[in-house]
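Asks: Let me give you the structure first, and then I'll get to my questions.
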Amino acid sequence: MDADTKVAVIGSGSWGTAFGNALATKGLKVTLWARRPELADAIQGGHENPDYLPGVFLSPRLRAAHELEVAVEDAGVIVMAVPSQGFRDVTRQVAALADPSAPFVSLAKGLEIDSLKRMSEVVGEEAPGARVACLSGPNLAQEIAKGYPAASVVASNDPDTADGLQELFMSPIFRTYSSNDIRGVEISGVVKNVIAIATGIAEGLGFGDNTKATVITRGLAEMTRLGVKMGADSATFSGLAGVGDLICTCMSSLSRNHHVGLELGKGVKVADILKQMRQVAEGVRSSKAVQQLAEQHAIDLPICSGVFRVIHEGQEVTAMLSDLLRTVRVREAD
């Protein structure tokens, strides 16, 4: 992989657009796939994504297309930036068109609800033999699109793939690190969204920074507990994809998952919140998947379980307060 490598970014939501724009600004050849022709035309002709990043000027080097075959043609890297619940279907279509040697990089931070599979596992099933990676970190799309400095982790079970993508994606304002713990990086991306909802609930209920910091810290413990049980490296959760992305998602007003929690804390019903949102808050569906994993692995995740009950069982947020701080053990190390 070198500067002449063409990158296909599949998905024109805020994060896919921002990431594609960052690569194009660096000088890479990037084509962004948009499902709707009118959005592809707006990005291609107007250098703006009016639906998801209004008012942000995009690099003229960023091309856009609504035909998958055009976006994927000659691509040396495939970046999947579609939500987790539509991920399998789109991956299957892309795999039928892509060069078999092109690695797939997932930007999605969710689990497939029915199977509880991570996105790298979905790619492995739909594009057999393809090299697979994921990218994750404290990367709010609006800030990346505006060129604010940030960092992220590129993870793959294949060290050469991780290192090659890390070098390809690196720029002066977007620092990338490589990792071989793709399992830990993906689990971090899933659980942090659920904890962000809990943090938003605490804020919506009127609590302050002490409470939010407590939720974040104990949420990190839950994230690590689940990840290690599933075979991840505990050190991953202390890095950018773990605590870095957790802090960012829990504390920022730009976070969709934090917004969902904030509105829940104010007493708004989840169905009404989602009706007002144009983009997916992965933590809403992921809370159910995380609850299932907790039961499957027989581990206690009180904060995640509390979010699950509020969203999927209709529990009042005030009744969730004890879950925000409850733990089976009293030692902080647990």
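Labels for the structure tokens follow display order: chains A, B, ..., residues from 1 in each chain, ligands from 1.
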Please list as a VMD selection string every residue within 9 Å of region 261-270 of chain A, counting only C-alpha atoms and excluding residues in the same chain fewer than 5 positions away.
Replies: chain A and resid 196 to 206 256 275 284 307 310 to 311 314 316 to 318
Asks: Do you know which residues are at most 10 Å from Ala241 (chain A) counting only C-alpha atoms, after dropping those on the same chain fewer than 5 positions away, and could you put them as an MDAnalysis selection string?
Replies: chainID A and resid 135:139 151:155 184:189 192 236 246
Asks: Keeping N, CA, C and O atoms for every residue in the selection just given, could you write it to a file as a PDB file, in the first residue's frame?
Replies:
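Dumped to out-v3.pdb:
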```
ATOM      1  N   LEU A 135     -10.760   0.242  12.443  1.00  0.00           N
ATOM      2  CA  LEU A 135     -10.170   1.496  12.911  1.00  0.00           C
ATOM      3  C   LEU A 135     -11.082   2.091  13.966  1.00  0.00           C
ATOM      4  O   LEU A 135     -12.293   2.176  13.761  1.00  0.00           O
ATOM      5  N   SER A 136     -10.499   2.472  15.095  1.00  0.00           N
ATOM      6  CA  SER A 136     -11.318   3.004  16.186  1.00  0.00           C
ATOM      7  C   SER A 136     -10.479   3.919  17.069  1.00  0.00           C
ATOM      8  O   SER A 136      -9.264   3.757  17.185  1.00  0.00           O
ATOM      9  N   GLY A 137     -11.162   4.854  17.694  1.00  0.00           N
ATOM     10  CA  GLY A 137     -10.496   5.796  18.590  1.00  0.00           C
ATOM     11  C   GLY A 137     -11.412   6.965  18.874  1.00  0.00           C
ATOM     12  O   GLY A 137     -12.574   6.976  18.470  1.00  0.00           O
ATOM     13  N   PRO A 138     -10.921   7.975  19.570  1.00  0.00           N
ATOM     14  CA  PRO A 138     -11.725   9.169  19.863  1.00  0.00           C
ATOM     15  C   PRO A 138     -11.832  10.051  18.626  1.00  0.00           C
ATOM     16  O   PRO A 138     -11.081  11.004  18.449  1.00  0.00           O
ATOM     17  N   ASN A 139     -12.769   9.710  17.764  1.00  0.00           N
ATOM     18  CA  ASN A 139     -12.856  10.343  16.444  1.00  0.00           C
ATOM     19  C   ASN A 139     -14.254  10.854  16.163  1.00  0.00           C
ATOM     20  O   ASN A 139     -15.031  10.231  15.425  1.00  0.00           O
ATOM     21  N   ALA A 151      -6.285  11.068  16.870  1.00  0.00           N
ATOM     22  CA  ALA A 151      -5.512   9.832  16.734  1.00  0.00           C
ATOM     23  C   ALA A 151      -6.457   8.645  16.780  1.00  0.00           C
ATOM     24  O   ALA A 151      -7.578   8.742  17.283  1.00  0.00           O
ATOM     25  N   SER A 152      -6.008   7.524  16.244  1.00  0.00           N
ATOM     26  CA  SER A 152      -6.841   6.337  16.197  1.00  0.00           C
ATOM     27  C   SER A 152      -5.961   5.096  16.150  1.00  0.00           C
ATOM     28  O   SER A 152      -4.740   5.187  16.007  1.00  0.00           O
ATOM     29  N   VAL A 153      -6.601   3.938  16.268  1.00  0.00           N
ATOM     30  CA  VAL A 153      -5.911   2.656  16.243  1.00  0.00           C
ATOM     31  C   VAL A 153      -6.414   1.838  15.064  1.00  0.00           C
ATOM     32  O   VAL A 153      -7.625   1.734  14.846  1.00  0.00           O
ATOM     33  N   VAL A 154      -5.495   1.271  14.299  1.00  0.00           N
ATOM     34  CA  VAL A 154      -5.833   0.329  13.236  1.00  0.00           C
ATOM     35  C   VAL A 154      -5.446  -1.056  13.724  1.00  0.00           C
ATOM     36  O   VAL A 154      -4.281  -1.304  14.036  1.00  0.00           O
ATOM     37  N   ALA A 155      -6.417  -1.950  13.807  1.00  0.00           N
ATOM     38  CA  ALA A 155      -6.162  -3.277  14.367  1.00  0.00           C
ATOM     39  C   ALA A 155      -6.474  -4.365  13.355  1.00  0.00           C
ATOM     40  O   ALA A 155      -7.447  -4.282  12.615  1.00  0.00           O
ATOM     41  N   GLY A 184     -10.247  -6.783  20.964  1.00  0.00           N
ATOM     42  CA  GLY A 184     -10.351  -5.779  22.016  1.00  0.00           C
ATOM     43  C   GLY A 184     -10.760  -4.420  21.491  1.00  0.00           C
ATOM     44  O   GLY A 184     -11.554  -3.702  22.112  1.00  0.00           O
ATOM     45  N   VAL A 185     -10.236  -4.055  20.312  1.00  0.00           N
ATOM     46  CA  VAL A 185     -10.586  -2.761  19.715  1.00  0.00           C
ATOM     47  C   VAL A 185     -12.062  -2.725  19.346  1.00  0.00           C
ATOM     48  O   VAL A 185     -12.759  -1.731  19.591  1.00  0.00           O
ATOM     49  N   GLU A 186     -12.577  -3.803  18.785  1.00  0.00           N
ATOM     50  CA  GLU A 186     -13.990  -3.829  18.403  1.00  0.00           C
ATOM     51  C   GLU A 186     -14.910  -3.859  19.619  1.00  0.00           C
ATOM     52  O   GLU A 186     -15.942  -3.177  19.639  1.00  0.00           O
ATOM     53  N   ILE A 187     -14.558  -4.625  20.634  1.00  0.00           N
ATOM     54  CA  ILE A 187     -15.388  -4.671  21.842  1.00  0.00           C
ATOM     55  C   ILE A 187     -15.422  -3.299  22.511  1.00  0.00           C
ATOM     56  O   ILE A 187     -16.469  -2.851  22.991  1.00  0.00           O
ATOM     57  N   SER A 188     -14.296  -2.620  22.522  1.00  0.00           N
ATOM     58  CA  SER A 188     -14.258  -1.263  23.077  1.00  0.00           C
ATOM     59  C   SER A 188     -15.256  -0.366  22.355  1.00  0.00           C
ATOM     60  O   SER A 188     -16.015   0.385  22.990  1.00  0.00           O
ATOM     61  N   GLY A 189     -15.268  -0.433  21.023  1.00  0.00           N
ATOM     62  CA  GLY A 189     -16.157   0.411  20.242  1.00  0.00           C
ATOM     63  C   GLY A 189     -17.619   0.127  20.478  1.00  0.00           C
ATOM     64  O   GLY A 189     -18.463   1.022  20.360  1.00  0.00           O
ATOM     65  N   LYS A 192     -18.426   1.144  24.665  1.00  0.00           N
ATOM     66  CA  LYS A 192     -18.324   2.573  25.012  1.00  0.00           C
ATOM     67  C   LYS A 192     -19.584   3.324  24.636  1.00  0.00           C
ATOM     68  O   LYS A 192     -19.955   4.306  25.291  1.00  0.00           O
ATOM     69  N   THR A 236      -5.436  -3.181  25.830  1.00  0.00           N
ATOM     70  CA  THR A 236      -6.140  -2.453  24.772  1.00  0.00           C
ATOM     71  C   THR A 236      -7.112  -1.435  25.345  1.00  0.00           C
ATOM     72  O   THR A 236      -7.289  -0.344  24.797  1.00  0.00           O
ATOM     73  N   LEU A 246     -13.856   6.124  24.935  1.00  0.00           N
ATOM     74  CA  LEU A 246     -14.878   6.148  25.986  1.00  0.00           C
ATOM     75  C   LEU A 246     -15.072   7.563  26.525  1.00  0.00           C
ATOM     76  O   LEU A 246     -16.203   8.063  26.619  1.00  0.00           O
TER      77      LEU A 246
END
```
Asks: Just give me the gap between CA of Met320 (chain A) and CA of Ala221 (chain A) in Å, one decimal is fine.
Replies: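 So the two atoms, CA of Met320 (chain A) and CA of Ala221 (chain A), lie 18.3 Å apart.
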Asks: Could you give me, as a PyMOL selection string, each residue of region 78-281 of chain A that DSSP assigns to strand (DSSP E) when run on this structure's backbone?
Replies: chain A and resi 78-80+104-106+132-136+150-155+174-179
Asks: Could those residues be written to a file, using C-alpha atoms, as a PDB file, in the first residue's frame?
Replies:
```
ATOM      1  CA  ILE A  78     -12.128  -1.068   1.155  1.00  0.00           C
ATOM      2  CA  VAL A  79     -13.316   1.000   4.132  1.00  0.00           C
ATOM      3  CA  MET A  80     -16.719  -0.079   5.431  1.00  0.00           C
ATOM      4  CA  PHE A 104     -11.493  -4.536   4.373  1.00  0.00           C
ATOM      5  CA  VAL A 105     -11.385  -1.931   7.152  1.00  0.00           C
ATOM      6  CA  SER A 106     -14.426  -1.595   9.404  1.00  0.00           C
ATOM      7  CA  VAL A 132      -9.655  -7.683   7.741  1.00  0.00           C
ATOM      8  CA  ALA A 133      -8.953  -4.685   9.979  1.00  0.00           C
ATOM      9  CA  CYS A 134     -10.856  -2.121  12.008  1.00  0.00           C
ATOM     10  CA  LEU A 135     -10.170   1.496  12.911  1.00  0.00           C
ATOM     11  CA  SER A 136     -11.318   3.004  16.186  1.00  0.00           C
ATOM     12  CA  ALA A 150      -6.850  13.359  16.426  1.00  0.00           C
ATOM     13  CA  ALA A 151      -5.512   9.832  16.734  1.00  0.00           C
ATOM     14  CA  SER A 152      -6.841   6.337  16.197  1.00  0.00           C
ATOM     15  CA  VAL A 153      -5.911   2.656  16.243  1.00  0.00           C
ATOM     16  CA  VAL A 154      -5.833   0.329  13.236  1.00  0.00           C
ATOM     17  CA  ALA A 155      -6.162  -3.277  14.367  1.00  0.00           C
ATOM     18  CA  PHE A 174      -4.435  12.244  12.096  1.00  0.00           C
ATOM     19  CA  ARG A 175      -2.023  10.004  13.948  1.00  0.00           C
ATOM     20  CA  THR A 176      -2.592   6.274  13.682  1.00  0.00           C
ATOM     21  CA  TYR A 177      -1.255   3.395  15.750  1.00  0.00           C
ATOM     22  CA  SER A 178      -1.318  -0.306  14.868  1.00  0.00           C
ATOM     23  CA  SER A 179      -2.595  -3.158  17.019  1.00  0.00           C
TER      24      SER A 179
END
```
Asks: As an NGL selection string, please: the residues near Leu58 (chain A) (cut-off 12 Å, only C-alpha atoms, same-chain neighbours under 2 positions excluded).
Replies: :A and (14 or 17-25 or 32 or 42-50 or 53-56 or 60-64 or 142 or 144-147)
Asks: Save the residues we just selected, N, CA, C and O atoms, as a short mmCIF file (atom, residue, chain, number, x, y, z; two decimals), in the first residue's frame?
Replies:
```
data_model
loop_
_atom_site.label_atom_id
_atom_site.label_comp_id
_atom_site.auth_asym_id
_atom_site.auth_seq_id
_atom_site.Cartn_x
_atom_site.Cartn_y
_atom_site.Cartn_z
N SER A 14 -21.82 10.73 8.48
CA SER A 14 -20.85 11.73 8.93
C SER A 14 -19.45 11.15 9.10
O SER A 14 -18.46 11.77 8.69
N THR A 17 -17.88 10.03 5.63
CA THR A 17 -17.51 11.23 4.87
C THR A 17 -16.29 11.90 5.47
O THR A 17 -15.37 12.31 4.75
N ALA A 18 -16.27 12.04 6.79
CA ALA A 18 -15.15 12.71 7.45
C ALA A 18 -13.85 11.94 7.25
O ALA A 18 -12.79 12.52 6.98
N PHE A 19 -13.92 10.61 7.37
CA PHE A 19 -12.71 9.80 7.21
C PHE A 19 -12.23 9.84 5.77
O PHE A 19 -11.04 10.01 5.49
N GLY A 20 -13.15 9.70 4.82
CA GLY A 20 -12.77 9.79 3.42
C GLY A 20 -12.17 11.13 3.08
O GLY A 20 -11.18 11.22 2.34
N ASN A 21 -12.73 12.19 3.65
CA ASN A 21 -12.21 13.53 3.42
C ASN A 21 -10.81 13.69 3.98
O ASN A 21 -9.95 14.33 3.37
N ALA A 22 -10.56 13.11 5.15
CA ALA A 22 -9.22 13.18 5.76
C ALA A 22 -8.18 12.50 4.87
O ALA A 22 -7.06 13.01 4.70
N LEU A 23 -8.56 11.36 4.30
CA LEU A 23 -7.63 10.66 3.41
C LEU A 23 -7.41 11.43 2.11
O LEU A 23 -6.29 11.50 1.59
N ALA A 24 -8.49 12.01 1.57
CA ALA A 24 -8.37 12.79 0.34
C ALA A 24 -7.53 14.04 0.56
O ALA A 24 -6.72 14.43 -0.29
N THR A 25 -7.71 14.67 1.72
CA THR A 25 -6.92 15.87 2.06
C THR A 25 -5.45 15.53 2.14
O THR A 25 -4.58 16.34 1.77
N LEU A 32 -16.05 7.92 -2.38
CA LEU A 32 -17.05 7.72 -1.33
C LEU A 32 -18.34 7.21 -1.96
O LEU A 32 -18.86 7.82 -2.89
N ALA A 42 -24.23 15.91 -4.58
CA ALA A 42 -23.93 17.06 -3.72
C ALA A 42 -22.48 17.03 -3.25
O ALA A 42 -21.80 18.06 -3.20
N ILE A 43 -22.00 15.84 -2.91
CA ILE A 43 -20.61 15.71 -2.46
C ILE A 43 -19.65 15.93 -3.62
O ILE A 43 -18.65 16.64 -3.49
N GLN A 44 -19.97 15.32 -4.76
CA GLN A 44 -19.10 15.41 -5.94
C GLN A 44 -19.06 16.83 -6.51
O GLN A 44 -17.99 17.36 -6.80
N GLY A 45 -20.22 17.44 -6.64
CA GLY A 45 -20.30 18.74 -7.29
C GLY A 45 -20.19 19.93 -6.36
O GLY A 45 -19.61 20.96 -6.72
N GLY A 46 -20.73 19.78 -5.14
CA GLY A 46 -20.75 20.91 -4.22
C GLY A 46 -19.74 20.84 -3.10
O GLY A 46 -19.62 21.78 -2.31
N HIS A 47 -19.00 19.74 -3.01
CA HIS A 47 -17.97 19.55 -1.99
C HIS A 47 -18.53 19.76 -0.58
O HIS A 47 -17.92 20.38 0.28
N GLU A 48 -19.73 19.21 -0.39
CA GLU A 48 -20.38 19.29 0.91
C GLU A 48 -21.32 18.09 1.06
O GLU A 48 -21.91 17.63 0.08
N ASN A 49 -21.42 17.58 2.28
CA ASN A 49 -22.43 16.58 2.58
C ASN A 49 -23.54 17.28 3.37
O ASN A 49 -23.46 17.40 4.59
N PRO A 50 -24.55 17.79 2.68
CA PRO A 50 -25.56 18.62 3.34
C PRO A 50 -26.42 17.86 4.34
O PRO A 50 -27.01 18.48 5.23
N LEU A 53 -22.96 16.48 7.24
CA LEU A 53 -21.93 17.43 7.66
C LEU A 53 -22.20 18.79 7.01
O LEU A 53 -21.36 19.33 6.28
N PRO A 54 -23.36 19.37 7.25
CA PRO A 54 -23.71 20.63 6.60
C PRO A 54 -22.75 21.74 6.99
O PRO A 54 -22.34 21.86 8.15
N GLY A 55 -22.36 22.53 5.99
CA GLY A 55 -21.49 23.67 6.25
C GLY A 55 -20.02 23.34 6.29
O GLY A 55 -19.18 24.25 6.41
N VAL A 56 -19.66 22.06 6.16
CA VAL A 56 -18.24 21.66 6.18
C VAL A 56 -17.76 21.49 4.74
O VAL A 56 -18.31 20.67 3.99
N PRO A 60 -11.84 18.91 -2.72
CA PRO A 60 -12.21 18.64 -4.12
C PRO A 60 -11.66 17.31 -4.62
O PRO A 60 -12.12 16.77 -5.63
N ARG A 61 -10.67 16.77 -3.91
CA ARG A 61 -10.09 15.48 -4.28
C ARG A 61 -11.02 14.32 -3.91
O ARG A 61 -10.82 13.19 -4.39
N LEU A 62 -11.97 14.56 -3.02
CA LEU A 62 -12.88 13.50 -2.59
C LEU A 62 -13.96 13.29 -3.65
O LEU A 62 -14.80 14.13 -3.88
N ARG A 63 -13.91 12.12 -4.30
CA ARG A 63 -14.90 11.79 -5.31
C ARG A 63 -16.07 11.06 -4.64
O ARG A 63 -15.92 10.46 -3.57
N ALA A 64 -17.22 11.08 -5.28
CA ALA A 64 -18.39 10.39 -4.74
C ALA A 64 -19.13 9.70 -5.87
O ALA A 64 -19.15 10.18 -7.01
N GLN A 142 -17.47 15.33 13.20
CA GLN A 142 -17.46 16.77 12.91
C GLN A 142 -16.07 17.38 13.12
O GLN A 142 -15.66 18.26 12.37
N ILE A 144 -13.11 15.70 12.98
CA ILE A 144 -12.21 15.17 11.96
C ILE A 144 -12.42 15.93 10.65
O ILE A 144 -11.47 16.29 9.96
N ALA A 145 -13.68 16.17 10.31
CA ALA A 145 -14.00 16.86 9.06
C ALA A 145 -13.46 18.28 9.04
O ALA A 145 -13.12 18.81 7.98
N LYS A 146 -13.36 18.89 10.21
CA LYS A 146 -12.84 20.26 10.30
C LYS A 146 -11.32 20.30 10.40
O LYS A 146 -10.73 21.38 10.45
N GLY A 147 -10.69 19.14 10.41
CA GLY A 147 -9.23 19.08 10.43
C GLY A 147 -8.61 19.22 11.80
O GLY A 147 -7.42 19.51 11.92
#
```
Asks: CA of Ala162 (chain A) to CA of Arg225 (chain A): how many Å, to one decimal?
Replies: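 Rounded to one decimal, the two atoms are 25.0 Å apart.
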Asks: Provide the CA of Gln93 (chain A) to CA of Asn257 (chain A) distance in Å, to one decimal place.
Replies: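 Between CA of Gln93 (chain A) and CA of Asn257 (chain A) the gap is 28.8 Å.
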Asks: Kindly indicate which residue among A:Ile216, A:Val194, A:Ala95, A:Leu39 lies nearest to Ala281 (chain A), using only C-alpha atoms for the distances.
Replies: A:Val194
Asks: Using DSSP on the backbone, list every residue of region 17-251 of chain A that comes out as alpha helix (DSSP H), and give them as a PyMOL selection string.
Replies: chain A and resi 17-26+37-46+68-72+84-95+119-126+141-145+159-169+182-204+209-229+245-251
Asks: Restricting it to C-alpha atoms, dump the selection as a compact mmCIF listing (two decimals), in the first residue's frame.
Replies:
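Saved as part-v5.txt:
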```txt
# COMPACT_ATOMS: atom_id res chain seq x y z
CA THR A 17 -17.51 11.23 4.87
CA ALA A 18 -15.15 12.71 7.45
CA PHE A 19 -12.71 9.80 7.21
CA GLY A 20 -12.77 9.79 3.42
CA ASN A 21 -12.21 13.53 3.42
CA ALA A 22 -9.22 13.18 5.76
CA LEU A 23 -7.63 10.66 3.41
CA ALA A 24 -8.37 12.79 0.34
CA THR A 25 -6.92 15.87 2.06
CA LYS A 26 -3.77 13.86 2.65
CA PRO A 37 -27.68 9.63 -6.14
CA GLU A 38 -28.59 13.14 -4.99
CA LEU A 39 -26.23 12.92 -2.03
CA ALA A 40 -23.40 11.62 -4.22
CA ASP A 41 -24.00 14.55 -6.58
CA ALA A 42 -23.93 17.06 -3.72
CA ILE A 43 -20.61 15.71 -2.46
CA GLN A 44 -19.10 15.41 -5.94
CA GLY A 45 -20.30 18.74 -7.29
CA GLY A 46 -20.75 20.91 -4.22
CA LEU A 68 -21.04 0.43 -5.86
CA GLU A 69 -19.12 -0.86 -8.85
CA VAL A 70 -17.80 2.63 -9.57
CA ALA A 71 -16.73 3.19 -5.97
CA VAL A 72 -15.02 -0.18 -5.66
CA SER A 84 -23.67 -2.57 11.96
CA GLN A 85 -27.21 -3.75 11.18
CA GLY A 86 -26.81 -3.18 7.44
CA PHE A 87 -23.17 -4.17 7.41
CA ARG A 88 -23.51 -7.79 6.25
CA ASP A 89 -25.69 -7.08 3.24
CA VAL A 90 -23.48 -4.27 1.94
CA THR A 91 -20.29 -6.24 2.62
CA ARG A 92 -21.67 -9.13 0.57
CA GLN A 93 -22.33 -6.79 -2.37
CA VAL A 94 -18.91 -5.16 -2.10
CA ALA A 95 -17.08 -8.49 -1.83
CA MET A 119 -17.92 -6.67 12.14
CA SER A 120 -14.56 -8.32 11.39
CA GLU A 121 -16.26 -11.69 11.82
CA VAL A 122 -19.01 -10.63 9.42
CA VAL A 123 -16.41 -9.64 6.83
CA GLY A 124 -14.70 -12.99 7.33
CA GLU A 125 -17.94 -14.76 6.43
CA GLU A 126 -18.97 -12.56 3.51
CA ALA A 141 -16.80 13.03 12.77
CA GLN A 142 -17.46 16.77 12.91
CA GLU A 143 -14.02 17.45 14.40
CA ILE A 144 -12.21 15.17 11.96
CA ALA A 145 -14.00 16.86 9.06
CA PRO A 159 0.50 -7.58 11.74
CA ASP A 160 1.55 -6.67 8.19
CA THR A 161 -1.98 -5.53 7.36
CA ALA A 162 -2.22 -3.44 10.53
CA ASP A 163 1.16 -1.82 9.91
CA GLY A 164 0.47 -1.16 6.23
CA LEU A 165 -2.87 0.52 6.92
CA GLN A 166 -1.41 2.46 9.83
CA GLU A 167 1.17 3.96 7.48
CA LEU A 168 -1.38 4.62 4.73
CA PHE A 169 -3.83 6.44 7.00
CA ILE A 182 -8.81 -6.54 16.77
CA ARG A 183 -11.12 -8.27 19.25
CA GLY A 184 -10.35 -5.78 22.02
CA VAL A 185 -10.59 -2.76 19.72
CA GLU A 186 -13.99 -3.83 18.40
CA ILE A 187 -15.39 -4.67 21.84
CA SER A 188 -14.26 -1.26 23.08
CA GLY A 189 -16.16 0.41 20.24
CA VAL A 190 -19.32 -1.48 21.11
CA VAL A 191 -19.41 -1.08 24.89
CA LYS A 192 -18.32 2.57 25.01
CA ASN A 193 -21.52 3.55 23.21
CA VAL A 194 -23.64 1.90 25.89
CA ILE A 195 -21.66 3.61 28.66
CA ALA A 196 -22.09 6.92 26.82
CA ILE A 197 -25.86 6.50 27.06
CA ALA A 198 -25.54 5.90 30.80
CA THR A 199 -23.38 9.01 31.17
CA GLY A 200 -25.93 11.04 29.23
CA ILE A 201 -28.69 9.74 31.49
CA ALA A 202 -26.75 10.90 34.55
CA GLU A 203 -26.36 14.35 33.02
CA GLY A 204 -30.00 14.48 31.95
CA ASP A 209 -19.09 15.77 36.81
CA ASN A 210 -18.41 13.57 39.83
CA THR A 211 -21.26 11.27 38.83
CA LYS A 212 -20.28 11.25 35.17
CA ALA A 213 -16.64 10.49 36.00
CA THR A 214 -17.79 7.63 38.21
CA VAL A 215 -19.96 6.18 35.46
CA ILE A 216 -17.12 6.45 32.94
CA THR A 217 -14.57 4.83 35.25
CA ARG A 218 -16.82 1.98 36.29
CA GLY A 219 -17.91 1.67 32.68
CA LEU A 220 -14.28 1.16 31.70
CA ALA A 221 -14.13 -1.66 34.24
CA GLU A 222 -17.19 -3.28 32.63
CA MET A 223 -15.73 -2.88 29.15
CA THR A 224 -12.46 -4.47 30.24
CA ARG A 225 -14.21 -7.27 32.13
CA LEU A 226 -16.24 -8.28 29.08
CA GLY A 227 -13.33 -7.91 26.68
CA VAL A 228 -10.93 -10.03 28.69
CA LYS A 229 -13.61 -12.69 29.12
CA ASP A 245 -12.88 6.74 22.80
CA LEU A 246 -14.88 6.15 25.99
CA ILE A 247 -14.07 9.59 27.41
CA CYS A 248 -14.74 11.28 24.07
CA THR A 249 -18.09 9.60 23.48
CA CYS A 250 -19.30 10.02 27.05
CA MET A 251 -18.40 13.68 27.46
```
Asks: Using only C-alpha atoms, determine which residues lie at most 8 Å from Glu67 (chain A), disregarding the query and same-chain residues fewer than 6 positions distant; provide the list as JSON, numbers by chain.
Replies: {"A": [33, 34, 35]}
Asks: Would you put the residues from that selection into a file with N, CA, C and O atoms, as a PDB file, in the first residue's frame?
Replies:
```
ATOM      1  N   TRP A  33     -18.848   6.093  -1.442  1.00  0.00           N
ATOM      2  CA  TRP A  33     -20.113   5.574  -1.952  1.00  0.00           C
ATOM      3  C   TRP A  33     -21.282   6.114  -1.145  1.00  0.00           C
ATOM      4  O   TRP A  33     -21.311   5.997   0.083  1.00  0.00           O
ATOM      5  N   ALA A  34     -22.244   6.701  -1.841  1.00  0.00           N
ATOM      6  CA  ALA A  34     -23.476   7.179  -1.217  1.00  0.00           C
ATOM      7  C   ALA A  34     -24.631   6.394  -1.810  1.00  0.00           C
ATOM      8  O   ALA A  34     -24.729   6.247  -3.038  1.00  0.00           O
ATOM      9  N   ARG A  35     -25.513   5.908  -0.959  1.00  0.00           N
ATOM     10  CA  ARG A  35     -26.632   5.104  -1.447  1.00  0.00           C
ATOM     11  C   ARG A  35     -27.570   5.920  -2.350  1.00  0.00           C
ATOM     12  O   ARG A  35     -28.122   5.405  -3.317  1.00  0.00           O
TER      13      ARG A  35
END
```
